[in-house]
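This is target.txt (compact mmCIF, C-alpha atoms and all ligand atoms).
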```txt
# COMPACT_ATOMS: atom_id res chain seq x y z
CA MET A 29 9.68 334.57 22.91
CA ALA A 30 9.59 338.32 23.43
CA GLY A 31 6.29 339.48 24.89
CA SER A 32 5.38 336.01 26.15
CA PRO A 33 4.94 335.26 29.85
CA VAL A 34 7.68 333.45 31.77
CA PRO A 35 7.89 329.65 31.63
CA LEU A 36 6.62 327.37 34.40
CA SER A 37 9.47 326.49 36.73
CA GLY A 38 10.39 324.61 39.91
CA GLN A 39 11.14 328.03 41.38
CA ASP A 40 7.47 328.30 42.28
CA VAL A 41 7.49 326.25 45.47
CA GLY A 42 4.37 324.12 45.76
CA SER A 43 3.54 324.35 42.05
CA PHE A 44 3.02 321.18 40.00
CA ALA A 45 6.35 321.87 38.27
CA TYR A 46 8.08 322.05 41.66
CA LEU A 47 6.43 318.88 42.93
CA THR A 48 7.29 317.03 39.71
CA ILE A 49 10.96 317.91 39.98
CA LYS A 50 11.04 317.23 43.72
CA ASP A 51 9.05 314.00 43.87
CA ARG A 52 8.09 312.46 40.55
CA THR A 53 11.38 312.66 38.68
CA PRO A 54 13.57 311.10 41.42
CA GLN A 55 10.91 308.39 41.72
CA ILE A 56 11.21 307.71 37.99
CA LEU A 57 15.01 307.62 38.23
CA THR A 58 14.80 305.15 41.10
CA LYS A 59 12.53 302.93 38.99
CA VAL A 60 15.01 303.10 36.10
CA ILE A 61 17.89 302.10 38.39
CA ASP A 62 15.77 299.27 39.73
CA THR A 63 15.00 298.07 36.22
CA LEU A 64 18.71 297.91 35.41
CA HIS A 65 19.34 295.91 38.60
CA ARG A 66 16.61 293.47 37.66
CA HIS A 67 18.11 292.94 34.21
CA LYS A 68 21.63 292.17 35.47
CA ASN A 69 21.38 288.51 34.54
CA GLU A 70 20.03 289.29 31.11
CA PHE A 71 22.98 291.63 30.43
CA PHE A 72 25.38 288.89 31.54
CA GLU A 73 23.71 286.22 29.45
CA LYS A 74 23.78 288.44 26.39
CA HIS A 75 27.21 290.07 26.69
CA GLY A 76 29.11 288.22 29.43
CA GLU A 77 31.19 290.12 31.97
CA GLU A 78 31.18 293.19 29.74
CA GLY A 79 27.38 293.33 30.02
CA THR A 80 27.55 293.13 33.81
CA GLU A 81 30.07 295.97 33.93
CA ALA A 82 27.97 298.08 31.53
CA GLY A 83 24.92 297.60 33.77
CA LYS A 84 26.93 298.78 36.79
CA LYS A 85 28.22 301.80 34.90
CA ALA A 86 24.73 302.89 33.81
CA ILE A 87 23.46 302.49 37.39
CA SER A 88 26.27 304.62 38.76
CA LEU A 89 25.71 307.36 36.15
CA LEU A 90 22.00 307.40 36.93
CA SER A 91 22.57 307.51 40.69
CA LYS A 92 24.83 310.52 40.10
CA LEU A 93 22.10 312.14 38.02
CA ARG A 94 19.54 311.59 40.79
CA ASN A 95 21.90 313.20 43.27
CA GLU A 96 22.50 316.22 41.01
CA LEU A 97 18.76 316.68 40.73
CA GLN A 98 17.94 316.28 44.39
CA THR A 99 20.65 318.69 45.47
CA ASP A 100 19.79 321.26 42.77
CA LYS A 101 23.23 321.18 41.16
CA PRO A 102 23.97 323.18 37.98
CA ILE A 103 22.82 321.58 34.74
CA VAL A 104 25.95 320.26 33.04
CA PRO A 105 26.57 319.89 29.30
CA LEU A 106 26.08 316.51 27.63
CA VAL A 107 29.35 314.71 27.03
CA GLU A 108 28.59 311.71 24.85
CA LYS A 109 28.55 312.36 21.10
CA PHE A 110 25.08 311.75 19.66
CA VAL A 111 23.19 313.41 16.77
CA ASP A 112 21.68 316.09 19.00
CA THR A 113 24.47 316.68 21.54
CA ASP A 114 25.59 320.00 20.06
CA ILE A 115 22.04 321.33 19.82
CA TRP A 116 21.43 320.41 23.46
CA ASN A 117 24.61 322.07 24.63
CA GLN A 118 23.83 325.21 22.62
CA TYR A 119 20.40 325.28 24.23
CA LEU A 120 22.00 324.99 27.65
CA GLU A 121 24.18 327.99 26.82
CA TYR A 122 21.10 329.86 25.69
CA GLN A 123 19.40 329.09 29.03
CA GLN A 124 22.53 330.29 30.75
CA SER A 125 22.42 333.57 28.82
CA LEU A 126 18.87 334.14 30.10
CA MET A 127 19.95 333.92 33.74
CA LYS A 128 20.40 337.44 34.94
CA GLU A 129 20.96 336.82 38.61
CA SER A 130 22.21 333.91 40.73
CA ASP A 131 25.55 332.41 39.71
CA GLY A 132 24.52 332.37 36.06
CA LYS A 133 24.08 328.60 35.94
CA PRO A 134 20.85 326.86 35.05
CA ARG A 135 19.72 324.57 37.86
CA TRP A 136 17.05 321.95 38.28
CA PHE A 137 14.75 324.03 40.47
CA HIS A 138 15.57 327.39 38.89
CA SER A 139 15.35 326.80 35.16
CA PRO A 140 12.24 326.31 33.02
CA TRP A 141 10.50 323.08 33.98
CA LEU A 142 10.12 321.99 30.36
CA PHE A 143 13.87 322.27 29.86
CA VAL A 144 14.94 320.38 32.99
CA GLU A 145 12.34 317.66 32.59
CA CYS A 146 13.39 317.01 28.98
CA TYR A 147 17.02 317.19 30.07
CA MET A 148 16.47 314.45 32.63
CA TYR A 149 15.17 312.02 29.99
CA ARG A 150 18.02 313.00 27.69
CA ARG A 151 20.52 312.29 30.49
CA ILE A 152 18.93 308.86 31.08
CA HIS A 153 19.58 308.18 27.42
CA GLU A 154 23.14 309.46 27.76
CA ALA A 155 23.80 307.14 30.71
CA LEU A 156 22.86 304.21 28.49
CA THR A 157 24.81 305.37 25.43
CA GLN A 158 27.83 305.70 27.72
CA SER A 159 27.41 302.07 28.72
CA PRO A 160 27.92 299.86 25.68
CA PRO A 161 27.07 297.07 24.93
CA ILE A 162 23.74 297.76 26.68
CA ASP A 163 23.44 301.15 24.95
CA ASP A 164 20.25 300.28 23.08
CA PHE A 165 18.42 299.01 26.18
CA ASP A 166 15.08 300.80 26.59
CA VAL A 167 14.64 301.20 30.35
CA PHE A 168 10.90 301.89 29.92
CA LYS A 169 10.09 299.03 27.56
CA GLU A 170 8.70 296.72 30.25
CA LEU A 171 6.34 299.41 31.55
CA LYS A 172 5.06 300.21 28.05
CA GLU A 173 4.43 296.55 27.33
CA GLN A 174 2.71 296.04 30.67
CA ASN A 175 0.39 298.97 29.90
CA PHE A 176 -0.57 297.30 26.61
CA PHE A 177 -1.24 293.89 28.20
CA GLU A 178 -3.25 295.35 31.08
CA SER A 179 -5.49 297.20 28.62
CA GLN A 180 -6.46 294.06 26.69
CA GLU A 181 -10.18 294.15 27.51
CA SER A 182 -10.47 297.70 26.29
CA ILE A 183 -8.43 296.96 23.19
CA ILE A 184 -10.71 294.03 22.36
CA SER A 185 -13.82 296.17 22.66
CA LEU A 186 -12.27 298.97 20.57
CA CYS A 187 -11.16 296.69 17.76
CA THR A 188 -14.46 294.83 17.78
CA TYR A 189 -16.36 298.10 17.59
CA LEU A 190 -14.22 299.28 14.67
CA GLN A 191 -14.51 296.01 12.74
CA GLU A 192 -18.28 295.87 13.17
CA LEU A 193 -18.56 299.43 11.96
CA MET A 194 -16.48 298.56 8.87
CA ARG A 195 -19.31 296.33 7.62
CA THR A 196 -21.69 299.23 7.22
CA ILE A 197 -19.36 302.19 6.90
CA GLU A 198 -20.17 302.71 3.20
CA GLU A 199 -23.87 303.01 4.01
CA LEU A 200 -23.61 305.66 6.73
CA ASP A 201 -25.15 309.07 6.05
CA GLU A 202 -23.28 312.32 6.86
CA ASP A 203 -24.66 312.62 10.36
CA GLN A 204 -23.90 309.04 11.25
CA LEU A 205 -20.37 309.34 9.91
CA LYS A 206 -19.80 312.53 11.86
CA ASN A 207 -21.09 310.86 14.99
CA GLU A 208 -18.63 307.98 14.55
CA PHE A 209 -15.80 310.42 13.81
CA PHE A 210 -16.51 312.18 17.10
CA LYS A 211 -16.48 308.84 18.93
CA PHE A 212 -13.04 307.87 17.62
CA LEU A 213 -11.68 311.32 18.44
CA GLN A 214 -12.91 311.02 22.02
CA ILE A 215 -11.47 307.52 22.34
CA SER A 216 -8.11 308.92 21.28
CA LEU A 217 -8.48 311.81 23.76
CA TRP A 218 -9.22 309.62 26.77
CA GLY A 219 -6.50 307.21 25.66
CA ASN A 220 -4.17 310.01 26.75
CA LYS A 221 -5.12 309.46 30.38
CA CYS A 222 -2.86 306.43 30.37
CA ASP A 223 0.60 307.95 30.40
CA LEU A 224 3.19 306.62 32.80
CA SER A 225 5.15 309.78 33.52
CA LEU A 226 2.43 311.44 35.57
CA SER A 227 1.98 308.31 37.65
CA GLY A 228 5.73 308.18 38.32
CA GLY A 229 5.98 304.97 36.32
CA GLU A 230 3.19 303.24 38.25
CA THR A 231 0.81 301.23 36.10
CA SER A 232 -1.83 303.34 34.41
CA SER A 233 -3.78 301.25 31.94
CA GLN A 234 -7.32 301.35 30.58
CA LYS A 235 -9.38 298.69 32.30
CA ASN A 236 -12.93 299.82 31.61
CA ASP A 237 -14.82 299.82 28.37
CA LEU A 238 -14.11 303.28 27.06
CA ILE A 239 -16.77 303.38 24.33
CA SER A 240 -19.63 302.98 26.77
CA SER A 241 -18.15 305.70 29.00
CA LEU A 242 -17.89 308.40 26.30
CA GLU A 243 -21.21 310.07 27.11
CA ASP A 244 -20.38 310.26 30.81
CA LEU A 245 -16.99 311.79 30.04
CA LYS A 246 -18.35 314.56 27.78
CA PRO A 247 -18.79 317.13 30.59
CA PHE A 248 -15.04 316.91 31.18
CA ILE A 249 -14.16 318.23 27.73
CA LEU A 250 -13.31 321.87 28.45
CA VAL A 251 -12.62 323.03 24.90
CA ASN A 252 -14.44 321.12 22.22
CA ASP A 253 -13.52 321.98 18.62
CA MET A 254 -14.57 318.61 17.17
CA GLU A 255 -17.11 320.33 14.89
CA ARG A 256 -14.30 322.37 13.36
CA LEU A 257 -12.28 319.22 12.68
CA TRP A 258 -15.29 317.69 10.97
CA SER A 259 -15.90 320.82 8.84
CA LEU A 260 -12.26 320.91 7.82
CA LEU A 261 -11.92 317.26 6.85
CA SER A 262 -15.27 316.97 5.12
CA LYS A 263 -14.45 320.10 3.09
CA LYS A 264 -11.00 318.79 2.18
CA THR A 265 -12.38 315.44 1.07
CA ARG A 266 -14.82 317.23 -1.23
CA GLU A 267 -12.08 319.42 -2.71
CA LYS A 268 -9.04 317.16 -2.97
CA ALA A 269 -8.21 313.65 -4.14
CA SER A 270 -5.73 313.10 -1.34
CA VAL A 271 -6.13 314.28 2.24
CA ARG A 272 -3.27 313.94 4.68
CA VAL A 273 -3.67 313.87 8.45
CA ASP A 274 -0.53 313.92 10.60
CA ILE A 275 -0.62 312.61 14.16
CA VAL A 276 2.17 313.64 16.51
CA LEU A 277 2.08 310.63 18.80
CA ASP A 278 2.36 310.54 22.53
CA ASN A 279 2.21 307.35 24.59
CA SER A 280 2.60 303.76 23.48
CA GLY A 281 0.38 300.95 24.80
CA PHE A 282 -3.30 301.78 25.10
CA GLU A 283 -3.05 305.36 23.79
CA LEU A 284 -1.20 304.29 20.64
CA THR A 285 -3.88 301.67 20.03
CA THR A 286 -6.57 304.36 20.19
CA ASP A 287 -4.53 306.48 17.72
CA LEU A 288 -4.20 303.58 15.30
CA VAL A 289 -7.93 302.90 15.60
CA LEU A 290 -8.63 306.58 14.83
CA ALA A 291 -6.22 306.46 11.88
CA ASP A 292 -7.88 303.30 10.56
CA PHE A 293 -11.29 304.93 10.85
CA LEU A 294 -10.10 308.06 8.99
CA LEU A 295 -8.78 305.93 6.13
CA SER A 296 -11.77 303.58 6.00
CA SER A 297 -14.28 306.42 6.06
CA LYS A 298 -12.24 308.25 3.39
CA LEU A 299 -11.96 311.32 5.58
CA ALA A 300 -8.23 310.94 4.92
CA THR A 301 -6.16 309.07 2.36
CA GLU A 302 -2.86 309.02 4.23
CA ILE A 303 -1.85 309.28 7.87
CA HIS A 304 1.62 310.27 8.99
CA PHE A 305 2.72 309.44 12.54
CA TYR A 306 5.62 311.03 14.41
CA GLY A 307 7.29 309.21 17.29
CA LYS A 308 10.36 309.68 19.46
CA ARG A 309 13.90 308.75 18.47
CA ILE A 310 14.86 307.80 22.05
CA PRO A 311 12.89 306.55 25.10
CA TRP A 312 11.05 309.59 26.44
CA PHE A 313 8.80 310.64 29.35
CA VAL A 314 8.46 306.95 30.30
CA SER A 315 5.66 305.92 27.99
CA ASP A 316 6.24 307.82 24.71
CA THR A 317 6.23 305.87 21.46
CA THR A 318 9.43 304.91 19.65
CA ILE A 319 9.62 303.05 16.31
CA HIS A 320 10.30 299.89 18.28
CA ASP A 321 7.09 300.36 20.31
CA PHE A 322 5.11 301.14 17.16
CA ASN A 323 6.23 297.98 15.36
CA TRP A 324 5.96 295.87 18.51
CA LEU A 325 2.38 296.96 19.14
CA ILE A 326 1.20 296.25 15.58
CA GLU A 327 2.87 292.84 15.78
CA GLN A 328 1.13 292.07 19.10
CA VAL A 329 -2.23 293.17 17.78
CA LYS A 330 -1.73 291.06 14.66
CA HIS A 331 -1.00 287.94 16.71
CA SER A 332 -3.89 288.38 19.12
CA ASN A 333 -6.14 285.38 19.78
CA HIS A 334 -9.12 287.61 19.30
CA LYS A 335 -10.22 287.62 15.67
CA TRP A 336 -11.20 291.29 15.45
CA VAL A 337 -8.06 292.46 17.21
CA ALA A 338 -5.93 290.30 14.88
CA LYS A 339 -7.85 291.68 11.89
CA CYS A 340 -6.91 295.22 12.96
CA GLY A 341 -3.25 294.20 13.23
CA VAL A 342 -3.26 292.69 9.72
CA ASP A 343 -4.95 295.80 8.30
CA TRP A 344 -2.53 298.17 10.02
CA GLU A 345 0.47 296.22 8.80
CA ASN A 346 -0.90 296.35 5.25
CA CYS A 347 -1.52 300.07 5.52
CA VAL A 348 2.08 300.56 6.65
CA LYS A 349 3.25 298.48 3.65
CA MET A 350 1.15 300.57 1.27
CA SER A 351 2.28 303.84 2.89
CA ARG A 352 -1.23 304.75 3.88
CA LEU A 353 0.17 304.77 7.41
CA VAL A 354 3.64 306.32 7.50
CA TYR A 355 5.86 306.49 10.58
CA HIS A 356 8.49 309.24 10.94
CA ASP A 357 10.86 310.09 13.69
CA HIS A 358 12.92 313.22 14.08
CA ILE A 359 15.33 314.27 16.77
CA PHE A 360 13.47 317.57 17.25
CA TRP A 361 10.70 315.82 19.22
CA THR A 362 13.19 314.98 21.98
CA LEU A 363 14.80 318.41 22.16
CA PRO A 364 13.71 320.91 24.84
CA HIS A 365 12.58 323.58 22.38
CA GLU A 366 9.10 325.00 22.23
CA TYR A 367 7.44 324.40 18.87
CA CYS A 368 7.63 328.02 17.77
CA ALA A 369 11.39 327.36 17.36
CA MET A 370 10.83 324.42 15.00
CA SER A 371 11.05 326.38 11.75
CA GLN A 372 14.56 327.50 12.75
CA VAL A 373 15.84 324.44 14.61
CA ALA A 374 14.33 321.77 12.36
CA PRO A 375 13.21 323.40 9.07
CA ASP A 376 12.97 319.98 7.38
CA LEU A 377 10.44 318.78 9.95
CA TYR A 378 8.50 322.03 9.72
CA ALA A 379 8.35 321.64 5.93
CA GLU A 380 7.10 318.06 6.37
CA LEU A 381 4.30 319.19 8.69
CA GLN A 382 3.31 321.88 6.20
CA LYS A 383 2.27 319.11 3.80
CA ALA A 384 -0.52 318.02 6.17
CA ASP A 385 -4.15 319.08 5.81
CA LEU A 386 -4.50 318.67 9.55
CA ILE A 387 -2.04 317.93 12.36
CA LEU A 388 -3.23 316.29 15.58
CA PHE A 389 -0.93 316.79 18.54
CA LYS A 390 -1.51 314.11 21.13
CA GLY A 391 -0.96 314.56 24.83
CA ASP A 392 0.14 316.93 27.49
CA LEU A 393 3.82 317.34 26.69
CA ASN A 394 2.95 318.36 23.12
CA TYR A 395 0.58 320.97 24.53
CA ARG A 396 3.29 322.32 26.78
CA LYS A 397 5.64 322.63 23.80
CA LEU A 398 2.95 324.16 21.59
CA THR A 399 2.30 326.88 24.16
CA GLY A 400 5.92 327.20 25.32
CA ASP A 401 4.94 325.88 28.80
CA ARG A 402 4.36 329.46 29.86
CA LYS A 403 2.18 331.17 32.43
CA TRP A 404 -0.46 332.30 29.95
CA ALA A 405 -3.76 333.63 31.24
CA PHE A 406 -6.55 331.05 30.80
CA THR A 407 -8.36 333.30 28.32
CA ILE A 408 -5.46 334.00 25.93
CA PRO A 409 -6.40 332.71 22.47
CA PHE A 410 -4.69 329.44 21.49
CA HIS A 411 -3.53 331.10 18.25
CA GLN A 412 -1.59 333.68 20.25
CA ALA A 413 -0.06 331.13 22.64
CA LEU A 414 1.25 329.21 19.61
CA SER A 415 3.57 332.20 19.00
CA ASP A 416 3.77 331.94 15.21
CA PHE A 417 3.80 328.15 15.04
CA HIS A 418 1.29 327.60 12.24
CA PRO A 419 2.62 324.94 9.85
CA ALA A 420 -0.91 323.75 8.95
CA PRO A 421 -4.32 323.63 10.66
CA LEU A 422 -3.69 321.86 13.94
CA CYS A 423 -5.50 320.49 16.96
CA SER A 424 -4.28 319.56 20.41
CA ILE A 425 -5.96 316.43 21.80
CA ARG A 426 -4.86 316.34 25.39
CA THR A 427 -5.90 315.49 28.91
CA LEU A 428 -4.71 318.18 31.32
CA LYS A 429 -1.62 317.18 33.32
CA ALA A 430 0.25 320.45 33.74
CA GLU A 431 -0.65 323.88 35.08
CA ILE A 432 -1.26 325.41 31.71
CA GLN A 433 -4.43 325.95 29.73
CA VAL A 434 -5.33 328.67 27.24
CA GLY A 435 -8.38 329.57 25.17
CA LEU A 436 -10.94 329.20 27.98
CA GLN A 437 -14.07 331.30 28.41
CA PRO A 438 -13.82 334.20 30.87
CA GLY A 439 -14.33 332.82 34.36
CA GLN A 440 -14.16 329.16 33.27
CA GLY A 441 -10.70 328.51 34.75
CA GLU A 442 -11.50 330.33 37.99
CA GLU A 443 -14.73 328.39 38.42
CA LEU A 444 -12.97 325.07 37.93
CA ALA A 445 -10.20 326.07 40.31
CA ALA A 446 -12.74 326.93 42.99
CA SER A 447 -14.57 323.62 42.72
CA GLU A 448 -11.67 321.31 41.93
CA PRO A 449 -8.16 322.41 42.88
CA SER A 450 -6.44 319.66 40.84
CA TRP A 451 -8.37 320.25 37.60
CA LEU A 452 -5.22 321.24 35.66
CA THR A 453 -3.12 318.23 36.58
CA SER A 454 -5.29 315.23 37.36
CA GLY A 455 -5.81 314.09 33.75
CA LYS A 456 -9.56 314.09 34.40
CA TYR A 457 -10.28 316.96 31.97
CA GLY A 458 -9.57 317.04 28.26
CA ILE A 459 -9.55 319.35 25.25
CA PHE A 460 -9.85 319.39 21.48
CA GLN A 461 -8.29 322.76 20.75
CA PHE A 462 -8.10 323.75 17.09
CA ASP A 463 -6.15 326.47 15.37
CA GLY A 464 -6.28 327.32 11.71
CA PRO A 465 -8.47 328.56 8.92
CA LEU A 466 -11.29 326.24 7.90
O1 LIG B 501 2.14 311.68 28.13
P1 LIG B 501 1.73 313.10 28.26
O2 LIG B 501 0.26 313.32 28.09
O3 LIG B 501 2.53 314.02 27.38
O4 LIG B 501 2.01 313.51 29.75
C1 LIG B 501 3.27 313.52 30.28
C2 LIG B 501 3.18 314.40 31.46
O5 LIG B 501 4.05 314.02 32.44
C3 LIG B 501 4.32 315.13 33.19
O6 LIG B 501 5.53 315.67 32.78
C4 LIG B 501 4.46 314.88 34.64
O7 LIG B 501 5.76 314.48 34.87
C5 LIG B 501 3.23 316.03 32.78
O8 LIG B 501 3.16 317.22 33.27
C6 LIG B 501 3.56 315.81 31.36
O9 LIG B 501 3.31 316.75 30.55
MN MN B 502 3.83 310.94 27.10
```
Starting from the file, lay out its structure as structure tokens.
Amino acid sequence: MAGSPVPLSGQDVGSFAYLTIKDRTPQILTKVIDTLHRHKNEFFEKHGEEGTEAGKKAISLLSKLRNELQTDKPIVPLVEKFVDTDIWNQYLEYQQSLMKESDGKPRWFHSPWLFVECYMYRRIHEALTQSPPIDDFDVFKELKEQNFFESQESIISLCTYLQELMRTIEELDEDQLKNEFFKFLQISLWGNKCDLSLSGGETSSQKNDLISSLEDLKPFILVNDMERLWSLLSKKTREKASVRVDIVLDNSGFELTTDLVLADFLLSSKLATEIHFYGKRIPWFVSDTTIHDFNWLIEQVKHSNHKWVAKCGVDWENCVKMSRLVYHDHIFWTLPHEYCAMSQVAPDLYAELQKADLILFKGDLNYRKLTGDRKWAFTIPFHQALSDFHPAPLCSIRTLKAEIQVGLQPGQGEELAASEPSWLTSGKYGIFQFDGPL
């Protein structure tokens, strides 16, 4: 975008982007290769010798990828035909056209971090699609499922809390309802701590009771526009018969459970009449939600031994059947583009988002794409950093895991930096950052 600052990049030695490319991504690739090794027998049992060979092929392609990354080789075009291959390769050419110096080739440590990080996950997918018959194997599935199982205690307490609230929800006055709304929003925010990309694929589940920790976590909310979300939704519900909230999902497992709980609350409290979710078409950033993860999680919740958890699962499945909860996927979410390009690159998706009364963007990667992953000053208004991406009123719900944050008070960023050097990347801080007319 003309007039915008430059993107974060691995060029800045010592930056979080640099360290991610240098350390975290090879670590993730090693884990993926390991996973394929561990599933060798399964591939054989399912597909015979052909399965074994496919496993070997995927491993060799991924080892090559890891080597390209670690030796800062040029980024090469995708070769395997898939729905988005041409768009990716055009984007690569566009990145190439931006390179004024060097040998004119985008490279891992020299190109925008957002681009190369997305590219790595897209290449993992390509390695699998090039290896039939194991081409639909999700290399991150195990990790996502493990995250869900390890968060059971927290899931039980969340579902129990929601189901107990359901009994009296009709009797709550405005203030009480608002208070509950704020609780479910915060649950969904802190649910975002549990992604598996930041931890390099190491387990990162929710083991403590989140509801009882909400008060203690409040000081860590750096931008808090929850009141604006309340004003918007309560006004819409007074004015319109149907109110639509769209949630651009991030991670599966515990975070997805918190998003479903929030969605259930919005429907039950009549703050919304329909919720639309957006997930990823291919496995992405380790823990991101695909349609398979979405269906799997609802099924697990439904078959829980705990009666309130199971009740949630039954309700969610019914809501899906009645289209009160609607799941969409779109290839745009796994492209490297910043969101200000959406109206051109994916006009159908942009038009879909325009139908929402409010869009909630979950997680750090969505924030990076909303703001173009650029070196904005901390005090630049969020509206400006969105660079003309305004499909509908929107709110980022994100814990900070990348060196980017806009819309802070003067001095706020500097103060945090002085007292806590890792404030931007540790996931300890969170935001509710709203943009739009009320
Ligand atoms: O799941 P989230 O919240 O989008 O976080 C994923 C995060 O992983 C990282 O890419 C680290 O690799 C973050 O910087 C990134 O944005
Ligand atoms: Mn994620």
Using all atoms listed in the file, which protein or nucleic acid residues are at most 12 Å from ligand MN 502 (chain B), as a count of residues only?
-> 49
Between A:Ser159, A:Thr113, A:Ser185, A:Gln124, which is the closest to Ile87 in chain A once you count all atoms listed in the file?
->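 Selected residue with least distance to Ile87 in chain A: A:Ser159.
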Among the residues A:Leu444, A:Leu142, A:Leu89, A:Leu257, the one that comes closest to Thr399 in chain A [using only C-alpha atoms] | A:Leu142
Residue contacts of Ala269 in chain A (12 Å, all atoms listed in the file) excluding same-chain residues fewer than 4 positions away, as a list in words |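 Selected residues are Lys263, Lys264, Thr265, Lys298, Leu299, Ala300, Thr301 and Glu302 of chain A.
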Pick out the closest residue to ligand LIG 501 (chain B) from this set: A:Phe72, A:Glu145, A:Val354, A:Arg150. Count all atoms listed in the file.
->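 The answer is A:Glu145, which sits nearest to ligand LIG 501 (chain B).
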